[in-house]
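Inspection log for the structure reproduced underneath, given as structure tokens.
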Amino acid sequence: MTAYIVFTRERTRNASDMEAYAPPARASLAGHEFDRLAAYGKCETLEGAPIEGAVIFAFPSMAAARAWYDSPEYTEARKHRHLGADYRAFITEGV
């Protein structure tokens with residue numbers, strides 16, 4: 001069953017860390033089957049605290065999503081994301 005990883009950026013704290021995050025994060029997706037459904041396009045918060053942006057990836061399964069998220073390449077890349085901004089991230093199964 002398709003699984004979706006959703007990232008919402010709540011607040012940027014260090015733009016240079018976010019710039020350092022982007023290239024290795026993109027590179028970490030190589031070899032993983034996924035679709036990019038949304039990536040920092042126009043965003044309108046309907047409920048809750050406003051966000052700065054969102055990213056949604058679709059993977060073939062929860063296991064495939066976790067395999068990418070827990071990969072050594074993305075584990076290294078996300079250190080910069082954690083330093084650069086406040087995010088919420090979750091994986092959910094589709095219907």
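Labels for the structure tokens follow display order: chains A, B, ..., residues from 1 in each chain, ligands from 1.
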
As a PDB file with C-alpha atoms, in the first residue's frame, please: all residues of chain A that backbone DSSP puts in strand (DSSP E or B).
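result-v7.pdb, freshly written:
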```
ATOM      1  CA  ALA A   3       2.843   5.417   1.995  1.00  0.00           C
ATOM      2  CA  TYR A   4       3.340   9.153   2.163  1.00  0.00           C
ATOM      3  CA  ILE A   5       6.053  11.041   4.003  1.00  0.00           C
ATOM      4  CA  VAL A   6       4.897  14.552   4.841  1.00  0.00           C
ATOM      5  CA  PHE A   7       7.239  17.291   6.038  1.00  0.00           C
ATOM      6  CA  THR A   8       5.965  20.642   7.261  1.00  0.00           C
ATOM      7  CA  ARG A   9       8.459  23.394   7.954  1.00  0.00           C
ATOM      8  CA  GLU A  10       7.210  25.481  10.825  1.00  0.00           C
ATOM      9  CA  ARG A  11      10.093  27.929  11.257  1.00  0.00           C
ATOM     10  CA  THR A  12      13.516  28.448   9.696  1.00  0.00           C
ATOM     11  CA  ASP A  35       7.092  10.300  -6.389  1.00  0.00           C
ATOM     12  CA  ARG A  36       7.405  13.928  -5.340  1.00  0.00           C
ATOM     13  CA  LEU A  37       3.821  15.135  -4.958  1.00  0.00           C
ATOM     14  CA  ALA A  38       4.493  18.558  -3.431  1.00  0.00           C
ATOM     15  CA  ALA A  39       7.600  20.573  -2.631  1.00  0.00           C
ATOM     16  CA  GLY A  53       6.117  25.130   3.513  1.00  0.00           C
ATOM     17  CA  ALA A  54       5.452  21.444   2.933  1.00  0.00           C
ATOM     18  CA  VAL A  55       6.895  18.471   1.070  1.00  0.00           C
ATOM     19  CA  ILE A  56       5.012  15.248   0.284  1.00  0.00           C
ATOM     20  CA  PHE A  57       6.673  12.118  -1.100  1.00  0.00           C
ATOM     21  CA  ALA A  58       4.858   8.912  -2.077  1.00  0.00           C
ATOM     22  CA  PHE A  59       6.627   5.571  -1.625  1.00  0.00           C
ATOM     23  CA  ALA A  85      14.541  24.645  10.987  1.00  0.00           C
ATOM     24  CA  ASP A  86      11.671  23.323  13.055  1.00  0.00           C
ATOM     25  CA  TYR A  87       9.788  20.608  11.164  1.00  0.00           C
ATOM     26  CA  ARG A  88       7.076  18.095  11.689  1.00  0.00           C
ATOM     27  CA  ALA A  89       7.449  14.876   9.735  1.00  0.00           C
ATOM     28  CA  PHE A  90       5.291  11.788   9.540  1.00  0.00           C
ATOM     29  CA  ILE A  91       4.576   8.730   7.419  1.00  0.00           C
ATOM     30  CA  THR A  92       1.021   7.671   6.705  1.00  0.00           C
ATOM     31  CA  GLU A  93      -0.469   4.877   4.642  1.00  0.00           C
TER      32      GLU A  93
END
```

Point to revise | Contacts of Arg78 (chain A) within 10 Å, only C-alpha atoms, excl. fewer than 5 positions in-chain, as number ranges by chain | key: A: 17-18, 20-22, 24-25, 69, 73, 83-84

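When CA of Arg81 (chain A) is paired with CA of Ala65 (chain A), their separation reads 18.0 Å.
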
Margin query: For a test of reading the model, state the distance in Å between CA of Thr75 (chain A) and CA of Ala27 (chain A), rounded to one decimal.
Written below: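 Between CA of Thr75 (chain A) and CA of Ala27 (chain A) the gap works out to 12.1 Å.
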
Between CA of Pro72 (chain A) and CA of Glu33 (chain A) lies a distance of 16.5 Å

List every residue of chain A that DSSP, applied to the backbone of this structure, places in helix (DSSP H, G or I), and write the result as a ChimeraX atom specification. /A:15-28,62-69,72-84

Export, as a PDB file, in the first residue's frame, the selected residues with C-alpha atoms.
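The resulting selection-v5.pdb:
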```
ATOM      1  CA  ALA A  15      19.200  29.475   6.414  1.00  0.00           C
ATOM      2  CA  SER A  16      22.769  28.309   5.797  1.00  0.00           C
ATOM      3  CA  ASP A  17      22.029  24.905   7.364  1.00  0.00           C
ATOM      4  CA  MET A  18      18.927  24.629   5.183  1.00  0.00           C
ATOM      5  CA  GLU A  19      21.058  25.401   2.113  1.00  0.00           C
ATOM      6  CA  ALA A  20      23.512  22.703   3.227  1.00  0.00           C
ATOM      7  CA  TYR A  21      20.624  20.248   3.694  1.00  0.00           C
ATOM      8  CA  ALA A  22      19.059  20.476   0.240  1.00  0.00           C
ATOM      9  CA  PRO A  23      21.739  18.924  -2.038  1.00  0.00           C
ATOM     10  CA  PRO A  24      22.461  15.804   0.070  1.00  0.00           C
ATOM     11  CA  ALA A  25      18.753  15.349   0.812  1.00  0.00           C
ATOM     12  CA  ARG A  26      17.986  15.311  -2.927  1.00  0.00           C
ATOM     13  CA  ALA A  27      20.911  12.969  -3.584  1.00  0.00           C
ATOM     14  CA  SER A  28      19.706  10.585  -0.847  1.00  0.00           C
ATOM     15  CA  MET A  62       5.712   2.031   4.696  1.00  0.00           C
ATOM     16  CA  ALA A  63       8.845  -0.132   4.567  1.00  0.00           C
ATOM     17  CA  ALA A  64      10.110   1.673   1.461  1.00  0.00           C
ATOM     18  CA  ALA A  65       9.454   5.062   3.066  1.00  0.00           C
ATOM     19  CA  ARG A  66      11.328   4.053   6.231  1.00  0.00           C
ATOM     20  CA  ALA A  67      14.172   2.594   4.158  1.00  0.00           C
ATOM     21  CA  TRP A  68      14.758   6.013   2.608  1.00  0.00           C
ATOM     22  CA  TYR A  69      14.210   7.997   5.823  1.00  0.00           C
ATOM     23  CA  PRO A  72      22.685   6.486   5.946  1.00  0.00           C
ATOM     24  CA  GLU A  73      22.549   9.168   3.232  1.00  0.00           C
ATOM     25  CA  TYR A  74      19.370  10.797   4.513  1.00  0.00           C
ATOM     26  CA  THR A  75      20.335  10.348   8.167  1.00  0.00           C
ATOM     27  CA  GLU A  76      23.444  12.422   7.455  1.00  0.00           C
ATOM     28  CA  ALA A  77      21.539  15.035   5.412  1.00  0.00           C
ATOM     29  CA  ARG A  78      18.782  15.556   7.958  1.00  0.00           C
ATOM     30  CA  LYS A  79      21.283  16.690  10.597  1.00  0.00           C
ATOM     31  CA  HIS A  80      21.337  20.009   8.728  1.00  0.00           C
ATOM     32  CA  ARG A  81      17.527  20.120   8.595  1.00  0.00           C
ATOM     33  CA  HIS A  82      17.367  19.647  12.361  1.00  0.00           C
ATOM     34  CA  LEU A  83      19.874  22.479  12.850  1.00  0.00           C
ATOM     35  CA  GLY A  84      18.261  24.747  10.287  1.00  0.00           C
TER      36      GLY A  84
END
```

Exercise. Name the residues in contact with Met1 (chain A) at a cut-off of 7 Å, using only C-alpha atoms, excluding same-chain residues fewer than 4 positions from it; report them as a PyMOL selection string.
Key: chain A and resi 60-61+93-94
